file work_7.cif (mmCIF, C-alpha atoms)
data_target
loop_
_atom_site.label_atom_id
_atom_site.label_comp_id
_atom_site.auth_asym_id
_atom_site.auth_seq_id
_atom_site.Cartn_x
_atom_site.Cartn_y
_atom_site.Cartn_z
CA MET M 18 -8.82 -39.35 -13.41
CA LYS M 19 -11.65 -37.02 -14.39
CA LYS M 20 -12.42 -34.21 -11.97
CA ILE M 21 -15.98 -33.15 -11.17
CA LEU M 22 -16.98 -30.10 -9.11
CA LEU M 23 -20.33 -30.39 -7.34
CA ILE M 24 -21.86 -27.10 -6.07
CA ASP M 25 -25.02 -27.54 -3.97
CA ASP M 26 -26.11 -26.18 -0.59
CA GLU M 27 -28.14 -29.32 0.25
CA GLU M 28 -25.48 -31.34 2.08
CA LYS M 29 -27.20 -34.74 2.08
CA LEU M 30 -28.09 -34.61 -1.59
CA ARG M 31 -24.62 -33.27 -2.47
CA LYS M 32 -22.84 -36.09 -0.63
CA LEU M 33 -25.12 -38.73 -2.10
CA MET M 34 -24.54 -37.46 -5.62
CA ALA M 35 -20.78 -37.25 -4.96
CA ARG M 36 -20.75 -40.89 -3.87
CA ILE M 37 -22.66 -42.01 -6.97
CA ILE M 38 -20.21 -40.20 -9.26
CA GLU M 39 -17.17 -41.50 -7.32
CA LEU M 40 -18.37 -45.05 -7.99
CA GLU M 41 -17.68 -44.25 -11.66
CA ARG M 42 -14.01 -43.74 -10.70
CA MET M 43 -14.10 -39.97 -10.93
CA GLU M 44 -12.68 -37.51 -8.41
CA VAL M 45 -15.37 -35.27 -6.92
CA PHE M 46 -14.83 -31.94 -5.16
CA GLN M 47 -17.69 -30.40 -3.18
CA ALA M 48 -18.73 -26.80 -2.50
CA GLU M 49 -21.74 -25.59 -0.53
CA ASP M 50 -22.00 -22.20 -2.25
CA ALA M 51 -20.90 -20.23 -5.31
CA THR M 52 -18.05 -18.43 -3.54
CA THR M 53 -16.40 -21.68 -2.46
CA GLY M 54 -16.98 -23.24 -5.87
CA LEU M 55 -15.38 -20.35 -7.76
CA LYS M 56 -12.33 -20.45 -5.46
CA LEU M 57 -11.91 -24.16 -6.19
CA LEU M 58 -12.21 -23.47 -9.92
CA GLU M 59 -9.36 -20.97 -9.76
CA LYS M 60 -7.09 -23.50 -8.03
CA GLN M 61 -8.01 -26.76 -9.79
CA ASP M 62 -8.64 -27.99 -13.33
CA PHE M 63 -12.11 -29.52 -13.58
CA ASP M 64 -13.79 -31.30 -16.48
CA VAL M 65 -17.43 -30.93 -15.43
CA VAL M 66 -19.25 -28.68 -12.95
CA ILE M 67 -22.63 -29.81 -11.58
CA CYS M 68 -24.28 -26.78 -10.02
CA ASP M 69 -27.56 -26.14 -8.22
CA VAL M 70 -29.59 -23.24 -9.62
CA ARG M 71 -30.66 -21.89 -6.21
CA LEU M 72 -27.55 -21.23 -4.12
CA PRO M 73 -27.33 -19.06 -0.97
CA ASP M 74 -25.09 -16.48 -2.68
CA ALA M 75 -25.87 -16.76 -6.41
CA ASN M 76 -28.20 -17.97 -9.11
CA GLY M 77 -26.75 -20.97 -10.96
CA VAL M 78 -27.97 -19.72 -14.35
CA ASP M 79 -26.15 -16.43 -13.84
CA LEU M 80 -23.10 -18.33 -12.55
CA VAL M 81 -22.54 -20.15 -15.85
CA PRO M 82 -20.75 -17.24 -17.66
CA ARG M 83 -18.56 -16.63 -14.60
CA ILE M 84 -17.50 -20.28 -14.54
CA LYS M 85 -16.81 -20.23 -18.29
CA LYS M 86 -14.67 -17.12 -17.88
CA ILE M 87 -12.45 -18.93 -15.37
CA LYS M 88 -12.39 -22.30 -17.19
CA PRO M 89 -13.62 -21.91 -20.81
CA LEU M 90 -13.45 -25.64 -21.64
CA VAL M 91 -15.37 -26.91 -18.59
CA GLU M 92 -18.92 -28.20 -19.17
CA ILE M 93 -21.70 -27.20 -16.74
CA ILE M 94 -24.78 -29.20 -15.77
CA LEU M 95 -27.41 -27.25 -13.80
CA LEU M 96 -29.70 -28.84 -11.21
CA THR M 97 -32.94 -27.45 -9.83
CA ALA M 98 -35.82 -28.63 -7.72
CA TYR M 99 -38.14 -26.32 -9.66
CA GLY M 100 -37.72 -26.88 -13.37
CA ASN M 101 -39.00 -24.12 -15.62
CA ILE M 102 -38.59 -23.54 -19.34
CA PRO M 103 -37.36 -19.90 -19.26
CA ASP M 104 -34.53 -20.79 -16.87
CA SER M 105 -33.49 -23.81 -18.94
CA VAL M 106 -33.43 -21.76 -22.15
CA GLN M 107 -31.36 -19.01 -20.52
CA ALA M 108 -28.99 -21.61 -19.03
CA ILE M 109 -28.22 -23.07 -22.45
CA LYS M 110 -27.79 -19.57 -23.92
CA ASN M 111 -25.32 -18.79 -21.15
CA GLY M 112 -23.25 -21.83 -22.10
CA ALA M 113 -24.55 -24.64 -19.88
CA PHE M 114 -24.25 -28.18 -21.25
CA ASP M 115 -27.66 -29.23 -19.93
CA TYR M 116 -30.32 -28.43 -17.31
CA ILE M 117 -32.13 -31.14 -15.34
CA THR M 118 -34.64 -31.38 -12.52
CA LYS M 119 -33.66 -32.98 -9.20
CA GLY M 120 -35.48 -36.19 -8.38
CA ASP M 121 -37.26 -36.53 -11.73
CA ASP M 122 -34.01 -36.86 -13.71
CA ASN M 123 -31.73 -38.68 -11.23
CA ASN M 124 -31.19 -41.54 -13.66
CA ARG M 125 -29.89 -39.04 -16.23
CA ILE M 126 -27.00 -37.73 -14.12
CA ILE M 127 -24.31 -40.32 -14.89
CA PRO M 128 -25.06 -40.64 -18.65
CA LEU M 129 -25.16 -36.84 -18.80
CA VAL M 130 -21.78 -36.54 -17.07
CA TYR M 131 -20.25 -38.97 -19.58
CA ARG M 132 -21.70 -37.02 -22.50
CA ALA M 133 -20.32 -33.81 -21.02
CA LEU M 134 -16.89 -35.45 -20.61
CA GLU M 135 -16.93 -36.49 -24.28
CA LYS M 136 -17.55 -32.89 -25.28
CA VAL M 137 -14.77 -31.70 -22.95
CA GLU M 138 -12.31 -34.14 -24.55
CA LEU M 139 -13.28 -32.97 -28.03
CA SER M 140 -12.94 -29.32 -26.99
CA LYS M 141 -9.49 -30.00 -25.52
CA ARG M 142 -8.31 -31.69 -28.73
CA VAL M 143 -9.57 -28.77 -30.82
CA SER M 144 -7.89 -26.32 -28.45
CA GLN M 145 -4.59 -28.22 -28.64
CA LEU M 146 -4.81 -28.31 -32.44
CA GLU M 147 -5.47 -24.57 -32.56
CA GLN M 148 -2.50 -23.95 -30.28
CA ARG M 149 -0.23 -26.09 -32.48
CA ILE M 150 -1.40 -24.23 -35.59
CA GLU M 151 -0.89 -20.89 -33.84
CA GLN M 152 2.63 -21.92 -32.80
CA LYS M 153 3.43 -23.23 -36.28
CA TYR M 154 2.53 -19.92 -37.88
CA SER M 155 3.85 -17.64 -35.14
CA PHE M 156 6.40 -14.90 -35.79
CA ASP M 157 8.88 -16.84 -33.64
CA ASN M 158 8.99 -19.56 -36.30
CA ILE M 159 10.00 -17.21 -39.12
CA ILE M 160 13.61 -18.08 -39.90
CA GLY M 161 16.14 -15.26 -39.87
CA LYS M 162 18.30 -13.09 -37.62
CA SER M 163 19.50 -10.53 -40.16
CA THR M 164 18.53 -6.86 -39.74
CA PRO M 165 16.22 -6.68 -42.84
CA ILE M 166 14.07 -9.64 -41.82
CA LEU M 167 13.96 -8.68 -38.14
CA SER M 168 12.74 -5.23 -39.17
CA ALA M 169 9.97 -6.79 -41.30
CA ILE M 170 8.95 -9.12 -38.44
CA GLU M 171 8.78 -6.20 -35.99
CA MET M 172 6.51 -4.24 -38.34
CA ALA M 173 4.29 -7.29 -38.88
CA ARG M 174 3.96 -7.91 -35.14
CA LYS M 175 2.76 -4.35 -34.62
CA VAL M 176 0.18 -4.38 -37.40
CA ALA M 177 -1.11 -7.86 -36.50
CA GLN M 178 -3.00 -6.55 -33.46
CA THR M 179 -4.85 -3.97 -35.57
CA GLU M 180 -7.54 -4.33 -38.23
CA ALA M 181 -5.45 -2.51 -40.85
CA THR M 182 -5.25 -3.83 -44.41
CA VAL M 183 -1.69 -4.99 -45.15
CA LEU M 184 0.24 -5.06 -48.42
CA LEU M 185 3.26 -7.41 -48.52
CA THR M 186 5.77 -6.68 -51.27
CA GLY M 187 8.87 -8.52 -52.40
CA GLU M 188 10.20 -10.94 -54.97
CA THR M 189 8.73 -14.39 -55.57
CA GLY M 190 9.78 -16.89 -52.92
CA THR M 191 10.51 -14.42 -50.11
CA GLY M 192 7.86 -15.86 -47.77
CA LYS M 193 4.90 -13.51 -48.20
CA GLU M 194 2.27 -16.16 -47.40
CA ILE M 195 4.18 -17.18 -44.25
CA PHE M 196 4.06 -13.54 -43.12
CA ALA M 197 0.34 -13.31 -43.95
CA GLN M 198 -0.36 -16.41 -41.83
CA ALA M 199 1.75 -15.05 -38.95
CA ILE M 200 -0.17 -11.75 -39.05
CA HIS M 201 -3.50 -13.62 -39.00
CA TYR M 202 -2.53 -15.93 -36.13
CA GLY M 203 -1.09 -12.99 -34.22
CA SER M 204 -4.38 -11.08 -34.48
CA GLN M 205 -7.71 -11.13 -32.67
CA ARG M 206 -9.08 -13.13 -35.64
CA LYS M 207 -6.72 -16.07 -35.03
CA ASN M 208 -9.53 -18.52 -34.21
CA LYS M 209 -11.43 -17.59 -37.37
CA PRO M 210 -10.72 -18.72 -40.96
CA PHE M 211 -7.57 -17.86 -42.90
CA VAL M 212 -8.32 -18.16 -46.61
CA ALA M 213 -5.63 -17.75 -49.29
CA ILE M 214 -6.00 -17.42 -53.05
CA ASN M 215 -3.46 -16.84 -55.81
CA CYS M 216 -4.96 -14.19 -58.09
CA SER M 217 -2.77 -15.29 -61.02
CA ALA M 218 -4.07 -18.85 -60.97
CA PHE M 219 -7.55 -18.18 -62.46
CA SER M 220 -9.14 -16.46 -65.41
CA LYS M 221 -11.16 -13.30 -64.68
CA GLU M 222 -14.49 -15.17 -64.77
CA LEU M 223 -13.34 -18.01 -62.55
CA LEU M 224 -11.60 -15.63 -60.16
CA GLU M 225 -14.78 -13.61 -59.65
CA SER M 226 -16.73 -16.79 -58.95
CA GLU M 227 -14.02 -17.95 -56.52
CA PHE M 228 -14.09 -14.59 -54.74
CA PHE M 229 -17.81 -14.03 -54.42
CA GLY M 230 -19.52 -17.33 -55.21
CA HIS M 231 -22.60 -17.69 -57.41
CA LYS M 232 -26.25 -18.68 -57.43
CA ALA M 233 -27.43 -21.78 -59.26
CA GLY M 234 -28.15 -20.90 -62.89
CA ALA M 235 -26.12 -17.68 -62.82
CA PHE M 236 -24.15 -18.91 -65.83
CA THR M 237 -23.67 -22.06 -67.87
CA GLY M 238 -22.35 -24.80 -65.61
CA ALA M 239 -23.52 -23.17 -62.36
CA LEU M 240 -25.63 -26.14 -61.28
CA LYS M 241 -25.86 -25.22 -57.60
CA ASP M 242 -25.19 -22.38 -55.19
CA LYS M 243 -21.53 -21.88 -54.35
CA LYS M 244 -19.96 -20.01 -51.45
CA GLY M 245 -17.20 -17.59 -52.39
CA LEU M 246 -13.89 -17.25 -50.55
CA PHE M 247 -14.88 -13.88 -49.06
CA GLU M 248 -17.92 -15.56 -47.53
CA GLU M 249 -15.75 -18.46 -46.30
CA ALA M 250 -13.38 -15.94 -44.68
CA HIS M 251 -16.13 -14.10 -42.78
CA ASP M 252 -14.83 -12.86 -39.41
CA GLY M 253 -11.35 -14.01 -40.43
CA THR M 254 -8.64 -13.05 -42.93
CA ILE M 255 -8.41 -13.39 -46.69
CA PHE M 256 -4.96 -13.39 -48.31
CA LEU M 257 -4.90 -12.14 -51.91
CA ASP M 258 -1.58 -13.36 -53.29
CA GLU M 259 -0.17 -11.89 -56.52
CA ILE M 260 -2.82 -9.17 -56.51
CA GLY M 261 -0.87 -7.33 -59.19
CA GLU M 262 -2.08 -10.00 -61.64
CA MET M 263 -5.77 -9.25 -61.00
CA PRO M 264 -7.79 -7.90 -63.98
CA VAL M 265 -8.58 -4.18 -63.66
CA ASP M 266 -12.38 -4.51 -63.79
CA LEU M 267 -12.26 -7.08 -60.96
CA GLN M 268 -10.09 -4.69 -58.96
CA ALA M 269 -13.08 -2.33 -58.84
CA LYS M 270 -15.18 -5.00 -57.15
CA ILE M 271 -12.47 -5.68 -54.55
CA LEU M 272 -12.34 -1.94 -53.88
CA ARG M 273 -16.10 -1.96 -53.26
CA VAL M 274 -15.73 -4.81 -50.74
CA ILE M 275 -13.09 -2.83 -48.84
CA GLU M 276 -15.12 0.40 -48.84
CA THR M 277 -18.62 -0.96 -48.14
CA LYS M 278 -17.85 -4.27 -46.40
CA GLU M 279 -20.32 -6.05 -48.64
CA PHE M 280 -20.19 -8.08 -51.86
CA LEU M 281 -22.55 -9.23 -54.56
CA LYS M 282 -22.71 -12.93 -55.35
CA ILE M 283 -22.90 -13.67 -59.08
CA GLY M 284 -26.56 -14.04 -60.03
CA GLU M 285 -27.87 -12.13 -56.99
CA THR M 286 -29.18 -8.56 -56.77
CA LYS M 287 -29.00 -8.10 -52.99
CA PRO M 288 -25.51 -7.45 -51.53
CA GLN M 289 -24.27 -9.49 -48.59
CA LYS M 290 -22.46 -7.99 -45.59
CA ILE M 291 -18.98 -9.27 -44.80
CA ASP M 292 -16.45 -8.73 -42.01
CA VAL M 293 -13.05 -9.76 -43.26
CA ARG M 294 -9.50 -8.50 -42.98
CA ILE M 295 -7.57 -8.27 -46.25
CA ILE M 296 -3.86 -9.01 -46.58
CA ALA M 297 -2.55 -8.65 -50.13
CA ALA M 298 0.81 -9.52 -51.66
CA THR M 299 2.61 -8.82 -54.91
CA ASN M 300 6.00 -9.30 -56.51
CA ARG M 301 5.29 -6.42 -58.88
CA ILE M 302 6.03 -2.76 -58.31
CA LEU M 303 2.44 -1.53 -58.18
CA GLU M 304 3.37 2.12 -58.72
CA LYS M 305 4.68 1.13 -62.17
CA GLU M 306 1.55 -0.94 -62.81
CA ILE M 307 -0.55 2.15 -61.99
CA GLU M 308 1.39 4.25 -64.51
CA ALA M 309 0.79 1.55 -67.12
CA ASP M 310 -2.98 1.54 -66.30
CA ARG M 311 -2.81 -2.06 -65.14
CA PHE M 312 -3.64 -1.34 -61.51
CA ARG M 313 -6.13 1.03 -59.92
CA ARG M 314 -4.58 3.87 -57.94
CA ASP M 315 -7.51 4.03 -55.49
CA LEU M 316 -7.23 0.29 -54.76
CA PHE M 317 -3.49 0.65 -54.20
CA TYR M 318 -4.07 3.33 -51.58
CA ARG M 319 -6.70 1.18 -49.87
CA LEU M 320 -4.44 -1.88 -49.82
CA SER M 321 -1.25 -0.11 -48.80
CA VAL M 322 -2.53 1.27 -45.50
CA PHE M 323 0.40 -0.65 -44.02
CA GLN M 324 3.14 -1.85 -46.36
CA ILE M 325 5.81 -4.40 -45.44
CA HIS M 326 8.65 -5.19 -47.83
CA LEU M 327 10.21 -8.65 -47.54
CA PRO M 328 13.91 -8.63 -48.48
CA PRO M 329 15.31 -11.05 -51.10
CA LEU M 330 17.64 -13.79 -49.90
CA ARG M 331 20.71 -12.09 -51.44
CA GLU M 332 20.17 -9.20 -49.00
CA ARG M 333 20.15 -11.51 -45.98
CA VAL M 334 23.09 -13.82 -46.72
CA SER M 335 23.75 -14.37 -43.01
CA ASP M 336 20.40 -16.20 -42.80
CA ILE M 337 21.30 -18.82 -45.43
CA LYS M 338 23.01 -21.08 -42.88
CA LEU M 339 19.86 -21.03 -40.72
CA PHE M 340 17.72 -22.05 -43.70
CA VAL M 341 20.17 -24.79 -44.66
CA ASN M 342 20.03 -26.32 -41.17
CA GLU M 343 16.23 -26.19 -41.13
CA PHE M 344 15.78 -27.68 -44.61
CA VAL M 345 18.43 -30.38 -44.08
CA ASN M 346 16.61 -31.53 -40.94
CA GLN M 347 13.28 -31.58 -42.77
CA PHE M 348 14.45 -33.57 -45.79
CA ALA M 349 16.82 -35.86 -43.91
CA THR M 350 13.90 -36.93 -41.71
CA LYS M 351 11.69 -37.38 -44.76
CA SER M 352 14.25 -39.61 -46.51
CA ASN M 353 15.39 -41.46 -43.35
CA LYS M 354 18.95 -40.20 -43.70
CA ARG M 355 21.34 -39.06 -41.00
CA ILE M 356 23.12 -35.91 -42.14
CA ASN M 357 25.40 -34.44 -39.50
CA ALA M 358 27.27 -31.72 -41.36
CA VAL M 359 27.47 -29.36 -44.31
CA SER M 360 30.88 -28.83 -45.86
CA PRO M 361 32.29 -25.25 -45.67
CA ASP M 362 32.70 -25.15 -49.46
CA TYR M 363 29.07 -26.16 -49.91
CA LEU M 364 27.85 -23.36 -47.64
CA LYS M 365 30.20 -20.84 -49.27
CA LEU M 366 28.77 -21.57 -52.73
CA LEU M 367 25.23 -21.15 -51.39
CA GLU M 368 26.13 -17.78 -49.86
CA GLN M 369 27.65 -16.62 -53.18
CA ASN M 370 24.64 -17.60 -55.29
CA SER M 371 22.23 -14.86 -56.44
CA TRP M 372 19.05 -16.87 -55.55
CA LYS M 373 16.63 -15.39 -58.05
CA GLY M 374 13.98 -17.77 -56.69
CA ASN M 375 14.84 -16.81 -53.10
CA ILE M 376 13.92 -19.13 -50.19
CA ARG M 377 11.80 -21.38 -52.41
CA GLU M 378 14.75 -22.00 -54.74
CA LEU M 379 17.12 -22.63 -51.81
CA ARG M 380 14.66 -25.14 -50.36
CA ASN M 381 14.55 -27.06 -53.66
CA VAL M 382 18.36 -27.12 -53.87
CA ILE M 383 18.67 -28.51 -50.34
CA GLU M 384 16.05 -31.18 -51.06
CA ARG M 385 18.04 -32.20 -54.14
CA SER M 386 21.31 -32.35 -52.17
CA VAL M 387 19.79 -34.53 -49.44
CA ILE M 388 18.48 -36.92 -52.06
CA LEU M 389 21.83 -37.16 -53.85
CA THR M 390 24.19 -37.37 -50.88
CA ALA M 391 25.61 -40.82 -50.11
CA ASP M 392 27.10 -40.03 -46.70
CA ASP M 393 26.42 -37.88 -43.63
CA THR M 394 27.85 -34.62 -45.03
CA LEU M 395 26.45 -32.40 -47.77
CA SER M 396 29.20 -31.66 -50.27
CA ILE M 397 29.40 -29.47 -53.37
CA ASP M 398 29.04 -32.39 -55.80
CA THR M 399 25.34 -32.61 -54.81
CA LEU M 400 24.69 -29.04 -55.96
CA PRO M 401 23.33 -28.12 -59.41
CA LEU M 402 26.10 -27.44 -61.96
CA GLU M 403 25.18 -23.76 -62.30
CA ILE M 404 25.88 -23.30 -58.57
CA GLN M 405 29.04 -25.43 -58.59
CA TYR M 406 30.45 -23.45 -61.56
CA PRO M 407 28.91 -19.98 -61.27
CA ASP M 408 31.39 -18.32 -63.62
CA THR M 409 31.10 -20.92 -66.39
CA ASP M 410 28.85 -20.44 -69.39
CA SER M 411 26.14 -23.06 -69.70
CA SER M 412 27.31 -24.01 -73.20
CA ASP M 413 30.82 -24.62 -71.86
CA LEU M 414 29.40 -26.88 -69.17
CA ALA M 415 27.59 -28.87 -71.83
CA THR M 416 30.79 -29.56 -73.79
CA ALA M 417 32.99 -30.11 -70.74
CA MET M 418 30.86 -32.75 -69.04
CA ALA M 419 28.82 -35.78 -69.94
CA LEU M 420 25.49 -34.26 -68.97
CA SER M 421 23.53 -37.30 -70.11
CA ASP M 422 25.40 -39.46 -67.59
CA ILE M 423 24.79 -36.89 -64.85
CA GLU M 424 21.10 -36.68 -65.76
CA ARG M 425 20.75 -40.47 -65.80
CA MET M 426 22.32 -40.79 -62.34
CA HIS M 427 20.20 -37.92 -61.05
CA ILE M 428 16.94 -39.45 -62.29
CA GLU M 429 17.92 -42.82 -60.78
CA LYS M 430 18.51 -41.24 -57.37
CA ILE M 431 15.26 -39.27 -57.49
CA LEU M 432 13.28 -42.40 -58.39
CA ASP M 433 14.99 -44.25 -55.57
CA TYR M 434 14.12 -41.42 -53.17
CA THR M 435 10.45 -41.45 -54.22
CA GLN M 436 10.37 -45.27 -54.10
CA GLY M 437 9.37 -45.40 -57.75
CA ASN M 438 6.64 -42.76 -57.50
CA LYS M 439 7.02 -41.15 -60.92
CA ALA M 440 4.57 -38.28 -60.30
CA GLU M 441 6.54 -37.20 -57.21
CA ALA M 442 9.84 -37.68 -59.08
CA ALA M 443 8.60 -35.45 -61.92
CA ARG M 444 7.63 -32.78 -59.37
CA ILE M 445 11.09 -32.78 -57.79
CA LEU M 446 12.80 -32.81 -61.21
CA LYS M 447 10.46 -30.02 -62.39
CA ILE M 448 9.58 -31.84 -65.63
CA GLY M 449 6.33 -33.19 -67.01
CA ILE M 450 5.38 -36.79 -66.27
CA ALA M 451 5.46 -37.63 -69.99
CA THR M 452 9.00 -36.22 -70.25
CA LEU M 453 10.07 -38.35 -67.30
CA TYR M 454 8.67 -41.50 -68.92
CA ARG M 455 10.58 -40.72 -72.15
CA LYS M 456 13.83 -40.28 -70.21
CA ILE M 457 13.26 -43.50 -68.25
CA GLU M 458 12.74 -45.36 -71.52
CA GLY M 459 15.71 -43.64 -73.19
CA TYR M 460 18.08 -44.39 -70.32
CA LYS M 461 16.59 -47.89 -69.90
CA LEU M 462 16.00 -47.29 -66.17
#
call {"tool": "encode", "arguments": {"input": "work_7.cif", "output": "C-alpha cells"}}
result
Amino acid sequence: MKKILLIDDEEKLRKLMARIIELERMEVFQAEDATTGLKLLEKQDFDVVICDVRLPDANGVDLVPRIKKIKPLVEIILLTAYGNIPDSVQAIKNGAFDYITKGDDNNRIIPLVYRALEKVELSKRVSQLEQRIEQKYSFDNIIGKSTPILSAIEMARKVAQTEATVLLTGETGTGKEIFAQAIHYGSQRKNKPFVAINCSAFSKELLESEFFGHKAGAFTGALKDKKGLFEEAHDGTIFLDEIGEMPVDLQAKILRVIETKEFLKIGETKPQKIDVRIIAATNRILEKEIEADRFRRDLFYRLSVFQIHLPPLRERVSDIKLFVNEFVNQFATKSNKRINAVSPDYLKLLEQNSWKGNIRELRNVIERSVILTADDTLSIDTLPLEIQYPDTDSSDLATAMALSDIERMHIEKILDYTQGNKAEAARILKIGIATLYRKIEGYKL
C-alpha cells in the first residue's frame, strides 16, 4: 500500500484531504506542523509528501530540501492558499514535484498524486538498478584471496575515493577493466558515466574522432555533429585501455586534456571544458616505450600519479580454484548442465599451466570443458591437448593422435551447445565463420 504524508496546520482541510486520498486505497499519515512531519519521515518510508506552504514552524518551500535530504526518492506536492509565481518557481528548483493552489486546484490532487507515484516508482527502479550495478562492479566481487591480488585491491580501494589519475599495468587478461570499473563505482563519481575505449582498436584518425568528437563537415564523411567519448564521460570516468598503443601525436592531445581540463572537437576552434577522471591501462612496459620514443615521458608522469600492477595468474596459483568454481557455475547455468565436481587431476593440470592469456584464457578453457563434459564432473579429457600433455611437443601430438577425429567431435559438441548457431560456435572455437563452414562441409556435419 502506498504511503502518503500530509502536512497541514488546517485540521479540517487536512482530514478531508486525508479521507479523499484514503478512498484511493492509500495509507495517509497526518502532521500539523513541520517538526512532526520531519519526525514521521525519519521513522517511516513515504512515497509522496503533500505539504502546506505556510506552516506554524516553517515555510513549505524551504522545507523541500530538508525532506529530500531525509528521503531522497520521495516526491513533494506543495499546497498554498495564496498562489504566487516566485514561490512556485523556487519550489520546483528546490525539488518539489508540483505546486498547486488550495480550492482552485482541488480536482488536481488525486491525478497529481498518481503522477507523483509513477515518478517515485521509476526513481526506485533506477536506484535499484544503480545499486545492482554498483554491487556487480564492487571490489568485493573481484575474485582472489592470494597476497598479490589482495594488495592490488587494497591500493585500488584507497585511490578510488580520490580524484587521482590511475595507471593499471599488467599482462593481457589480468582484469584491468574490472579494476577500472571497481575504482569508478567506489568513487564519488559512481552515479556518473563510466566510458571505456580500447586505444588499439582504432586508427589515429578514428581514435581522435572517438575521443573528442567532430563538427559536421570537419572531414569527408562527417555528415553531422558527433559527441566524443570525453564529452560523454563528463563528470564521470574514462578508461583508456591499451594506452601504450596510442600514436605519439595523439598522446600530446590527451596530455593537454589532463593539464587544462578542456578539449578541442575536430572542426571547432573554441575549446570545451571537461571534468573527467582518467584511468589508463597497458600491458606494455611504458618506461621501455619512452626509451624507444614511442611514448611521451610527460604523459607517463601525468598518468602514473598512482600506479597499480595486476599480477599474472601464474603468480596467484592459489586463486585458480576460486576462478574455476565461478566459471563452472556461470557456464553450467548457461548450458543447463549440473556440474557438481572438478576432478583433482583436472585442477592440478590447471594449476601447473603457465596461462599466458591469464584469467581470460582460463575462462575460455573452463567454457570449453563445460561444453564437452558428458557427466557431472569436469575431467582432464575435456581440456585442450596442450594442457593435458604439457611436456609433449605439438608435432608429437599430431602424429600420436587422430586430431581430425578430435576436431570433428569438438565441433559437433560446440554446435550442439550453441543449438546450431554457427556465428557463436565460430567465436567459441576462435576461427572465422568461413573456416567453420568449410570444416562442417569437410566433416559432413
call {"tool": "closest_residue", "arguments": {"input": "work_7.cif", "among": "M:Lys243, M:His201, M:Arg294, M:His231", "to": "Leu281 of chain M", "atoms": "only C-alpha atoms"}}
result
M:His231
call {"tool": "closest_residue", "arguments": {"input": "work_7.cif", "among": "M:Ala75, M:Glu262, M:Val183, M:Pro165", "to": "Gln324 of chain M", "atoms": "only C-alpha atoms"}}
result
M:Val183
call {"tool": "residues_around", "arguments": {"input": "work_7.cif", "residues": "Thr277 of chain M", "least_positions_apart": "5", "cutoff": "12 Å", "atoms": "all atoms listed in the file", "output": "ChimeraX atom specification"}}
result
/M:270-272,288-293
call {"tool": "closest_residue", "arguments": {"input": "work_7.cif", "among": "M:Ile87, M:Ala48, M:Cys68, M:Leu320", "to": "Phe114 of chain M", "atoms": "all atoms listed in the file"}}
result
M:Cys68
call {"tool": "atom_distance", "arguments": {"input": "work_7.cif", "atom1": "atom CA of Asp266 of chain M", "atom2": "atom CA of Phe323 of chain M"}}
result
23.9 Å
call {"tool": "residues_around", "arguments": {"input": "work_7.cif", "residues": "segment 296-307 of chain M", "least_positions_apart": "3", "cutoff": "9 Å", "atoms": "only C-alpha atoms", "output": "PyMOL selection string"}}
result
chain M and resi 181-189+193-194+197+200-201+254-262+310-314+317+320-321
call {"tool": "atom_distance", "arguments": {"input": "work_7.cif", "atom1": "atom CA of Lys32 of chain M", "atom2": "atom CA of Lys85 of chain M"}}
result
24.5 Å
call {"tool": "residues_around", "arguments": {"input": "work_7.cif", "residues": "Ile84 of chain M", "least_positions_apart": "3", "cutoff": "9 Å", "atoms": "only C-alpha atoms", "output": "PyMOL selection string"}}
result
chain M and resi 55+58+66+80-81+87-89+91+93
call {"tool": "atom_distance", "arguments": {"input": "work_7.cif", "atom1": "atom CA of Arg380 of chain M", "atom2": "atom CA of Gly192 of chain M"}}
result
11.8 Å
call {"tool": "residues_around", "arguments": {"input": "work_7.cif", "residues": "Ala235 of chain M", "least_positions_apart": "2", "cutoff": "12 Å", "atoms": "all atoms listed in the file", "output": "ChimeraX atom specification"}}
result
/M:226,230-233,237-243,282-286
call {"tool": "resolve_selection", "arguments": {"input": "work_7.cif", "expression": "the PyMOL selection byres ((chain M and resi 202) around 12)", "output": "PyMOL selection string"}}
result
chain M and resi 147-157+173-174+176-178+195-201+203-211+253-254
call {"tool": "closest_residue", "arguments": {"input": "work_7.cif", "among": "M:Glu368, M:Asp362, M:Glu424, M:Glu138", "to": "Asp398 of chain M", "atoms": "all atoms listed in the file"}}
result
M:Asp362
call {"tool": "closest_residue", "arguments": {"input": "work_7.cif", "among": "M:Leu129, M:Glu28, M:Asp252, M:Pro264", "to": "Glu222 of chain M", "atoms": "all atoms listed in the file"}}
result
M:Pro264
call {"tool": "resolve_selection", "arguments": {"input": "work_7.cif", "expression": "the PyMOL selection byres ((chain M and resi 190) around 6)", "output": "list in words"}}
result
Thr189, Thr191, Gly192, Gly374, Asn375, Ile376 and Arg377 of chain M
call {"tool": "axis_aligned_box", "arguments": {"input": "work_7.cif", "around": "segment 85-90 of chain M", "padding_each_side": "8 Å", "output": "lines of an AutoDock Vina configuration file"}}
result
center_x = -14.6
center_y = -21.4
center_z = -18.5
size_x = 20.4
size_y = 24.5
size_z = 22.3
call {"tool": "resolve_selection", "arguments": {"input": "work_7.cif", "expression": "the PyMOL selection byres ((chain M and resi 367) around 10)", "output": "list in words"}}
result
Val334, Ile337, Lys338, Val341, Pro361, Asp362, Tyr363, Leu364, Lys365, Leu366, Glu368, Gln369, Asn370, Ser371, Trp372, Leu379, Val382, Ile383, Ile397, Leu400, Ile404 and Gln405 of chain M
call {"tool": "residues_near_point", "arguments": {"input": "work_7.cif", "point": "(11.0, -10.3, -45.5)", "cutoff": "6 Å", "atoms": "only C-alpha atoms", "output": "ChimeraX atom specification"}}
result
/M:166,169,327-328
call {"tool": "write_last_selection", "arguments": {"input": "work_7.cif", "atoms": "C-alpha atoms", "output": "short mmCIF file (atom, residue, chain, number, x, y, z; two decimals), in the frame of the given file"}}
result
data_model
loop_
_atom_site.label_atom_id
_atom_site.label_comp_id
_atom_site.auth_asym_id
_atom_site.auth_seq_id
_atom_site.Cartn_x
_atom_site.Cartn_y
_atom_site.Cartn_z
CA ILE M 166 14.07 -9.64 -41.82
CA ALA M 169 9.97 -6.79 -41.30
CA LEU M 327 10.21 -8.65 -47.54
CA PRO M 328 13.91 -8.63 -48.48
#
